[in-house]
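Okay, upload_0.csv now, which holds CSV, C-alpha atoms:
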chain,number,residue,atom,x,y,z
A,8,MET,CA,118.0,134.1,121.1
A,9,HIS,CA,117.3,133.1,117.5
A,10,ALA,CA,115.1,135.2,115.3
A,11,TRP,CA,112.3,132.6,115.3
A,12,GLU,CA,112.3,132.6,119.1
A,13,GLN,CA,111.8,136.3,119.1
A,14,ILE,CA,108.8,136.0,116.8
A,15,GLN,CA,107.4,133.0,118.7
A,16,GLU,CA,107.5,135.1,121.9
A,17,THR,CA,105.3,137.8,120.3
A,18,ILE,CA,103.0,135.0,119.0
A,19,GLU,CA,102.5,133.8,122.5
A,20,PHE,CA,101.8,137.3,123.7
A,21,ILE,CA,99.2,137.9,120.9
A,22,GLU,CA,97.5,134.6,121.8
A,23,GLU,CA,97.1,135.8,125.4
A,24,HIS,CA,95.8,139.3,124.4
A,25,LEU,CA,93.6,138.6,121.4
A,26,GLY,CA,90.8,140.7,122.9
A,27,GLU,CA,93.0,143.8,123.3
A,28,GLU,CA,94.4,146.3,120.9
A,29,LEU,CA,97.8,145.0,119.6
A,30,ASN,CA,100.3,147.6,118.5
A,31,ILE,CA,103.0,146.8,115.9
A,32,ASP,CA,105.6,149.0,117.6
A,33,SER,CA,105.1,147.3,121.0
A,34,LEU,CA,105.3,143.8,119.4
A,35,ALA,CA,108.5,144.8,117.6
A,36,LYS,CA,110.0,146.1,120.7
A,37,MET,CA,109.2,142.9,122.5
A,38,ALA,CA,111.1,141.0,119.8
A,39,ALA,CA,114.0,143.5,120.0
A,40,LEU,CA,113.5,144.3,116.3
A,41,SER,CA,112.6,147.4,114.3
A,42,PRO,CA,108.9,147.6,113.3
A,43,PHE,CA,109.9,147.2,109.6
A,44,TYR,CA,112.1,144.2,110.2
A,45,TYR,CA,109.7,142.6,112.7
A,46,GLN,CA,106.8,142.7,110.2
A,47,ARG,CA,109.0,141.4,107.4
A,48,LEU,CA,110.3,138.5,109.5
A,49,PHE,CA,106.8,137.8,110.9
A,50,SER,CA,105.3,137.5,107.4
A,51,ARG,CA,108.0,135.3,106.2
A,52,LEU,CA,107.7,132.8,109.1
A,53,VAL,CA,103.9,132.9,109.7
A,54,LYS,CA,102.9,133.3,106.0
A,55,LYS,CA,100.6,136.1,107.0
A,56,PRO,CA,101.0,139.8,107.9
A,57,VAL,CA,100.7,140.6,111.6
A,58,ALA,CA,97.2,142.3,111.3
A,59,GLU,CA,95.8,139.5,109.1
A,60,TYR,CA,97.2,136.9,111.5
A,61,VAL,CA,95.6,138.6,114.5
A,62,LYS,CA,92.2,138.8,112.7
A,63,LEU,CA,92.4,135.1,111.7
A,64,ARG,CA,93.3,133.9,115.2
A,65,ARG,CA,90.4,135.9,116.6
A,66,MET,CA,88.1,134.2,114.1
A,67,ALA,CA,89.5,130.8,115.1
A,68,LYS,CA,88.7,131.6,118.8
A,69,ALA,CA,85.3,132.9,117.7
A,70,ALA,CA,84.4,129.6,116.0
A,71,GLU,CA,85.3,127.7,119.2
A,72,ALA,CA,83.3,130.1,121.4
A,73,LEU,CA,80.2,130.0,119.2
A,74,LEU,CA,79.8,126.3,119.9
A,75,GLN,CA,79.1,127.3,123.6
A,76,LYS,CA,75.5,128.3,123.0
A,77,GLU,CA,74.9,129.8,126.4
A,78,GLN,CA,77.2,132.6,125.5
A,79,ARG,CA,75.7,135.6,123.6
A,80,ILE,CA,77.2,136.4,120.3
A,81,LEU,CA,77.7,140.0,121.3
A,82,ASP,CA,79.7,139.0,124.3
A,83,ILE,CA,81.9,136.8,122.2
A,84,ALA,CA,82.5,139.8,119.9
A,85,LEU,CA,83.4,142.1,122.7
A,86,GLU,CA,85.7,139.6,124.4
A,87,LEU,CA,87.6,139.3,121.1
A,88,GLY,CA,88.1,143.0,120.7
A,89,PHE,CA,85.3,143.9,118.3
A,90,SER,CA,83.4,147.1,118.8
A,91,SER,CA,80.1,145.9,117.6
A,92,HIS,CA,78.0,142.9,116.6
A,93,GLU,CA,77.9,144.1,113.0
A,94,HIS,CA,81.7,144.3,112.7
A,95,PHE,CA,82.1,140.9,114.2
A,96,THR,CA,79.5,139.4,111.9
A,97,ARG,CA,81.0,140.9,108.8
A,98,THR,CA,84.5,139.7,109.7
A,99,PHE,CA,83.3,136.2,110.5
A,100,LYS,CA,81.3,135.9,107.2
A,101,ASP,CA,84.3,137.2,105.2
A,102,THR,CA,86.5,134.6,106.9
A,103,PHE,CA,84.2,131.5,106.8
A,104,GLY,CA,81.5,132.3,104.3
A,105,MET,CA,78.6,132.3,106.9
A,106,THR,CA,77.4,134.5,109.7
A,107,PRO,CA,78.0,133.6,113.4
A,108,GLU,CA,74.3,132.9,113.7
A,109,GLU,CA,74.3,130.5,110.7
A,110,TYR,CA,77.4,128.7,112.1
A,111,ARG,CA,75.8,128.3,115.5
A,112,LYS,CA,72.6,126.8,114.0
A,113,ASN,CA,74.5,124.5,111.7
A,114,PRO,CA,78.0,123.9,113.0
A,115,GLN,CA,80.5,122.6,110.5
A,116,THR,CA,84.2,121.7,110.6
A,117,LEU,CA,86.1,124.9,109.8
A,118,ASN,CA,89.7,125.2,108.7
A,119,HIS,CA,91.4,128.1,110.5
A,120,MET,CA,94.6,129.9,111.2
A,121,THR,CA,96.8,127.7,113.4
A,122,LYS,CA,99.0,129.2,116.0
A,123,PRO,CA,102.6,128.4,114.8
A,124,GLU,CA,105.0,126.4,116.9
A,125,PHE,CA,108.4,127.2,115.4
A,126,LEU,CA,110.2,124.8,117.7
A,127,LEU,CA,108.9,122.1,115.4
A,128,HIS,CA,110.8,123.7,112.5
A,129,TYR,CA,114.1,123.9,114.3
A,130,THR,CA,114.3,120.8,116.5
A,131,LEU,CA,115.3,117.3,115.2
A,132,ILE,CA,114.3,114.4,117.4
A,133,ASP,CA,115.6,110.8,117.4
A,134,GLU,CA,113.3,107.9,116.7
A,135,GLY,CA,111.4,106.9,119.8
A,136,VAL,CA,112.1,110.2,121.6
A,137,PRO,CA,108.9,112.4,122.2
A,138,LEU,CA,108.9,116.0,121.3
A,139,ILE,CA,106.7,118.1,123.6
A,140,THR,CA,105.6,121.6,122.7
A,141,ASP,CA,102.5,123.7,123.3
A,142,GLY,CA,99.4,121.8,122.5
A,143,ILE,CA,101.0,118.7,121.0
A,144,VAL,CA,103.1,115.6,122.0
A,145,LEU,CA,104.8,114.0,119.0
A,146,GLU,CA,106.9,110.9,118.5
A,147,ILE,CA,108.4,109.2,115.4
A,148,ASN,CA,109.1,105.4,115.0
A,149,ARG,CA,109.5,102.8,112.3
A,150,ARG,CA,107.1,99.9,111.9
A,151,GLU,CA,106.7,97.0,109.5
A,152,ILE,CA,103.5,95.7,108.0
A,153,ALA,CA,103.8,92.0,107.0
A,154,GLU,CA,100.3,91.7,105.5
A,155,PRO,CA,98.2,94.4,103.8
A,156,ILE,CA,95.4,96.0,106.0
A,157,CYS,CA,92.1,96.5,104.2
A,158,PHE,CA,89.8,99.5,104.7
A,159,ILE,CA,86.4,100.2,103.1
A,160,GLY,CA,85.1,103.8,102.6
A,161,ALA,CA,84.6,106.6,100.1
A,162,LYS,CA,86.8,108.8,98.0
A,163,GLN,CA,86.6,112.5,97.0
A,164,ASP,CA,88.8,114.7,94.8
A,165,VAL,CA,89.7,118.0,96.4
A,166,PRO,CA,91.6,121.0,94.9
A,167,ILE,CA,95.3,120.9,95.7
A,168,HIS,CA,95.2,124.4,97.2
A,169,HIS,CA,93.3,122.9,100.2
A,170,LEU,CA,96.5,121.1,101.1
A,171,ASP,CA,98.7,124.1,100.5
A,172,GLY,CA,96.4,126.3,102.7
A,173,LEU,CA,96.1,124.0,105.7
A,174,GLY,CA,97.0,125.8,108.9
A,175,THR,CA,96.9,129.2,107.3
A,176,GLU,CA,93.7,129.6,105.2
A,177,SER,CA,90.2,129.7,106.7
A,178,GLY,CA,86.8,128.3,105.5
A,179,ILE,CA,84.6,125.3,105.5
A,180,ASP,CA,86.6,122.0,105.5
A,181,PRO,CA,85.9,120.4,102.1
A,182,LEU,CA,86.3,116.9,103.7
A,183,ASP,CA,83.7,117.5,106.5
A,184,ALA,CA,80.8,116.3,104.3
A,185,LEU,CA,82.7,113.2,103.2
A,186,TRP,CA,83.4,112.1,106.8
A,187,LYS,CA,79.8,112.8,107.9
A,188,SER,CA,78.4,110.8,105.0
A,189,PHE,CA,80.7,107.9,105.7
A,190,HIS,CA,79.9,107.9,109.4
A,191,LYS,CA,76.1,107.8,108.6
A,192,GLN,CA,76.6,104.6,106.6
A,193,LYS,CA,79.5,103.0,108.5
A,194,GLN,CA,77.3,100.6,110.3
A,195,THR,CA,74.0,100.6,108.4
A,196,VAL,CA,75.3,100.2,104.9
A,197,LEU,CA,78.9,98.9,105.3
A,198,GLY,CA,78.2,96.7,108.3
A,199,LEU,CA,81.3,97.9,110.1
A,200,SER,CA,81.5,98.1,113.8
A,201,GLU,CA,81.2,101.5,115.4
A,202,ASP,CA,84.6,101.3,117.0
A,203,ALA,CA,86.4,100.0,113.8
A,204,GLU,CA,89.7,101.8,113.3
A,205,GLU,CA,89.4,104.7,110.8
A,206,VAL,CA,91.8,106.0,108.2
A,207,GLY,CA,92.0,109.1,106.1
A,208,VAL,CA,94.3,108.8,103.1
A,209,THR,CA,95.7,111.5,100.9
A,210,LEU,CA,96.4,110.1,97.4
A,211,PRO,CA,97.5,111.4,94.0
A,212,SER,CA,94.6,112.2,91.7
A,213,LEU,CA,94.4,111.7,87.9
A,214,GLU,CA,92.8,115.1,87.6
A,215,GLU,CA,95.3,117.9,87.4
A,216,GLY,CA,95.1,120.4,90.2
A,217,TYR,CA,93.4,118.0,92.6
A,218,PHE,CA,94.3,115.3,95.1
A,219,SER,CA,92.2,112.3,96.2
A,220,TYR,CA,91.1,111.7,99.8
A,221,PHE,CA,89.8,108.4,101.0
A,222,ALA,CA,87.8,108.2,104.3
A,223,GLY,CA,87.2,104.6,105.5
A,224,ALA,CA,87.4,102.1,108.3
A,225,LYS,CA,89.2,98.8,108.8
A,226,SER,CA,87.3,95.8,107.4
A,227,LYS,CA,88.0,92.0,107.0
A,228,ALA,CA,86.0,92.0,103.7
A,229,GLY,CA,87.9,92.8,100.6
A,230,GLU,CA,85.0,94.0,98.4
A,231,ALA,CA,83.1,97.2,98.9
A,232,PRO,CA,79.4,97.8,98.1
A,233,ASP,CA,78.4,100.0,95.2
A,234,GLU,CA,79.3,103.7,95.6
A,235,PHE,CA,82.1,102.7,98.0
A,236,MET,CA,85.7,101.5,97.5
A,237,SER,CA,88.3,99.5,99.3
A,238,TRP,CA,91.9,100.6,99.9
A,239,GLN,CA,94.8,98.7,101.4
A,240,LEU,CA,97.7,99.9,103.5
A,241,PRO,CA,100.4,97.9,101.7
A,242,VAL,CA,103.1,95.7,103.0
A,243,GLY,CA,106.4,97.5,103.8
A,244,GLU,CA,108.4,99.6,106.2
A,245,TYR,CA,106.8,102.8,107.5
A,246,ILE,CA,107.7,106.0,109.3
A,247,VAL,CA,105.0,106.5,111.8
A,248,CYS,CA,104.4,109.9,113.4
A,249,SER,CA,102.2,109.5,116.6
A,250,PHE,CA,100.8,112.6,118.2
A,251,GLU,CA,98.4,113.7,120.9
A,252,ALA,CA,96.4,116.9,121.5
A,253,GLU,CA,94.0,118.2,124.2
A,254,ASN,CA,90.8,117.2,122.4
A,255,PHE,CA,89.6,115.8,119.1
A,256,GLU,CA,89.1,119.2,117.4
A,257,ALA,CA,92.6,120.3,118.2
A,258,LEU,CA,93.9,116.9,117.1
A,259,VAL,CA,92.4,117.0,113.6
A,260,MET,CA,92.7,120.7,112.9
A,261,ASP,CA,95.9,122.0,114.6
A,262,ALA,CA,97.9,119.0,115.7
A,263,ILE,CA,97.7,117.1,112.4
A,264,TYR,CA,98.8,120.2,110.5
A,265,LYS,CA,101.8,120.7,112.8
A,266,ALA,CA,102.7,117.0,112.7
A,267,GLN,CA,102.6,116.9,108.9
A,268,GLN,CA,104.7,120.0,108.6
A,269,TYR,CA,107.3,118.6,111.0
A,270,ILE,CA,107.5,115.1,109.4
A,271,TYR,CA,107.6,116.4,105.8
A,272,ASN,CA,109.6,119.6,106.1
A,273,THR,CA,112.0,118.9,109.0
A,274,TRP,CA,112.3,115.2,110.0
A,275,LEU,CA,112.3,113.4,106.6
A,276,PRO,CA,114.7,115.8,104.8
A,277,ASN,CA,117.2,115.8,107.6
A,278,HIS,CA,117.2,112.0,107.7
A,279,LYS,CA,117.4,111.9,103.8
A,280,LEU,CA,114.4,109.6,103.6
A,281,GLN,CA,111.8,109.5,100.8
A,282,THR,CA,108.3,108.1,101.1
A,283,GLU,CA,105.6,106.9,98.7
A,284,ALA,CA,103.0,109.3,97.4
A,285,PHE,CA,100.3,108.7,99.9
A,286,CYS,CA,99.8,109.7,103.5
A,287,ALA,CA,97.6,107.6,105.8
A,288,GLU,CA,96.0,109.2,108.9
A,289,ARG,CA,95.0,106.4,111.3
A,290,TYR,CA,92.5,107.1,114.1
A,291,ALA,CA,91.0,104.9,116.8
A,292,SER,CA,87.8,106.7,115.9
A,293,HIS,CA,86.3,110.2,115.3
A,294,SER,CA,84.6,110.4,118.7
A,295,PRO,CA,85.1,113.5,120.8
A,296,GLU,CA,87.1,111.4,123.3
A,297,THR,CA,89.8,110.6,120.7
A,298,THR,CA,93.0,112.6,121.5
A,299,SER,CA,95.7,110.7,119.6
A,300,MET,CA,96.3,109.5,116.1
A,301,GLU,CA,99.1,108.4,113.7
A,302,ILE,CA,100.5,109.4,110.3
A,303,TRP,CA,101.8,106.5,108.3
A,304,LEU,CA,104.3,107.1,105.5
A,305,LYS,CA,105.7,104.1,103.5
A,306,LEU,CA,109.4,104.3,102.9
A,307,LYS,CA,110.6,104.0,99.3
A,308,LYS,CA,112.9,101.1,98.7
So that I can check it, write out the structure of this file as structure tokens.
Amino acid sequence: MHAWEQIQETIEFIEEHLGEELNIDSLAKMAALSPFYYQRLFSRLVKKPVAEYVKLRRMAKAAEALLQKEQRILDIALELGFSSHEHFTRTFKDTFGMTPEEYRKNPQTLNHMTKPEFLLHYTLIDEGVPLITDGIVLEINRREIAEPICFIGAKQDVPIHHLDGLGTESGIDPLDALWKSFHKQKQTVLGLSEDAEEVGVTLPSLEEGYFSYFAGAKSKAGEAPDEFMSWQLPVGEYIVCSFEAENFEALVMDAIYKAQQYIYNTWLPNHKLQTEAFCAERYASHSPETTSMEIWLKLKK
């Protein structure tokens, strides 16, 4: 068994026992490693110490549970291993910047610690061959665009550390307000159909320390109204990473992070391919029923 497989085994155990007391010595023994080397290897692979990882995974589960309003907050706290409502509230606020009660009253999209899938770091698939792992089905193909595809929407500059922290850092998603604003005006202001294909594009920014993010929908018109902009998916050859998840939240929070990590850090380097400096996320829609999407990366000539 490889070292990453030993750590993955303990990650799966942690996930199944988040509400229980988790002991470093027991986890290390499960991985057949000394406690010192286990913690060192865990931190290197997961980018978080064991105790911090456990806390952040509990908070990720708490955010999901709080949306089920019939469940008492105290019961959620106890199920996740907290001894009191106060301890749970303090930890949740430290993690997400709001109390559980505030989040329940005004739900927002939250970035959170994603459960790692190291198989995606150490497995190389051929084009057209699906890779199936826990919570995600992923496939990579090449596609050609003969004519540019036009989208109309809005753009926002976001600190670059948001990209660096995806999948490991917790807090309010800075892109949530952009998408909500766009969806409110998609039909009424932009005149786009409700089911028009949507795209989220990460672009270089002129401002140092930031990247630009465009949220829009497919449009036949080339001009955008005031306060909006148009963006085109240019002609060329693309690497397209298609993936599926169990539900929309898992798709846009966990699955997209894992897919991006795989395509950028494993698949492209091993195929010695380089892509243009934009990443287009293509969705059928942002409805709760959407469970699949695609990442489009234009190959450099």
query = What does the distance between atom CA of A:Val206 and atom CA of A:Ser249 come to in Å, to one decimal place?
reply =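 Taking atom CA of A:Val206 as the start and atom CA of A:Ser249 as the end point, the length is 13.8 Å.
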Taken to one decimal, the atom CA of A:Val196-atom CA of A:Ser292 distance is 17.9 Å
Counting only C-alpha atoms, closest pick from A:Trp303, A:Tyr60, A:Trp11, A:Tyr44 relative to A:Glu244 is A:Trp303
Nearest to A:Trp274, restricted to only C-alpha atoms and choosing among A:Gln15, A:Thr121, A:Gln46, A:Asn148, comes out as A:Asn148
- Message: Report as a VMD selection string all protein, DNA and RNA residues lying within 10 Å of A:Val53, evaluated on only C-alpha atoms, omitting residues in the same chain fewer than 3 positions from it.
- Response: chain A and resid 14 to 15 18 48 to 50 56 to 57 60 120 to 125 174 to 175
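Residues within 8 Å of stretch 177-185 of chain A, counting all atoms listed in the file and excluding same-chain residues fewer than 5 positions away, are Leu63, Thr102, Phe103, Gly104, Gln115, Thr116, Leu117, Asn118, His119, Met120, Ala161, Lys162, Gln163, Val165 and Ala222 of chain A.
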Residues within 6 Å of stretch 276-282 of chain A, please, as an mmCIF file with C-alpha atoms, in the coordinates of the input. Count all atoms listed in the file; anything in the same chain fewer than 3 positions from it doesn't count.
data_model
loop_
_atom_site.group_PDB
_atom_site.id
_atom_site.type_symbol
_atom_site.label_atom_id
_atom_site.label_comp_id
_atom_site.auth_asym_id
_atom_site.auth_seq_id
_atom_site.Cartn_x
_atom_site.Cartn_y
_atom_site.Cartn_z
ATOM 1 C CA THR A 273 112.000 118.900 109.000
ATOM 2 C CA LYS A 305 105.700 104.100 103.500
ATOM 3 C CA LEU A 306 109.400 104.300 102.900
ATOM 4 C CA LYS A 307 110.600 104.000 99.300
#
In terms of all atoms listed in the file, the residue from A:Gln78, A:Tyr264, A:Glu205, A:Met105 at minimal distance from A:His169 is A:Tyr264
At a cut-off of 10 Å, using all atoms listed in the file, what residues contact A:Glu253? Leave out same-chain residues fewer than 5 positions from it and give the result as number ranges by chain. A: 142-144, 258, 262, 296-299
- Message: Between A:Ala70, A:Ala10, A:Leu138, A:Leu34, which residue has the minimum interatomic distance to A:Leu52, considering only C-alpha atoms?
- Response: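 Counting only C-alpha atoms, the residue closest to A:Leu52 is A:Ala10.
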Identify, on the basis of all atoms listed in the file, every residue whose closest approach to A:Ile302 does not exceed 8 Å; exclude the query and any residue fewer than 6 positions from it along the same chain; express the result as a VMD selection string. chain A and resid 247 to 249 267 286 to 289
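Note that atom CA of A:Asn254 and atom CA of A:Lys62 are 23.7 Å apart.
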Restricting to all atoms listed in the file, whichever of A:Ala35, A:Ala153, A:Leu170, A:Val208 is closest to A:Gly243 is A:Ala153
Quiz item: Of the candidates A:Arg149, A:Ile139, A:Leu85, A:Pro166, which shows the shortest atom-to-atom distance to A:Leu213, using only C-alpha atoms?
Solution: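 When distances to A:Leu213 are compared using only C-alpha atoms, the smallest one comes from A:Pro166.
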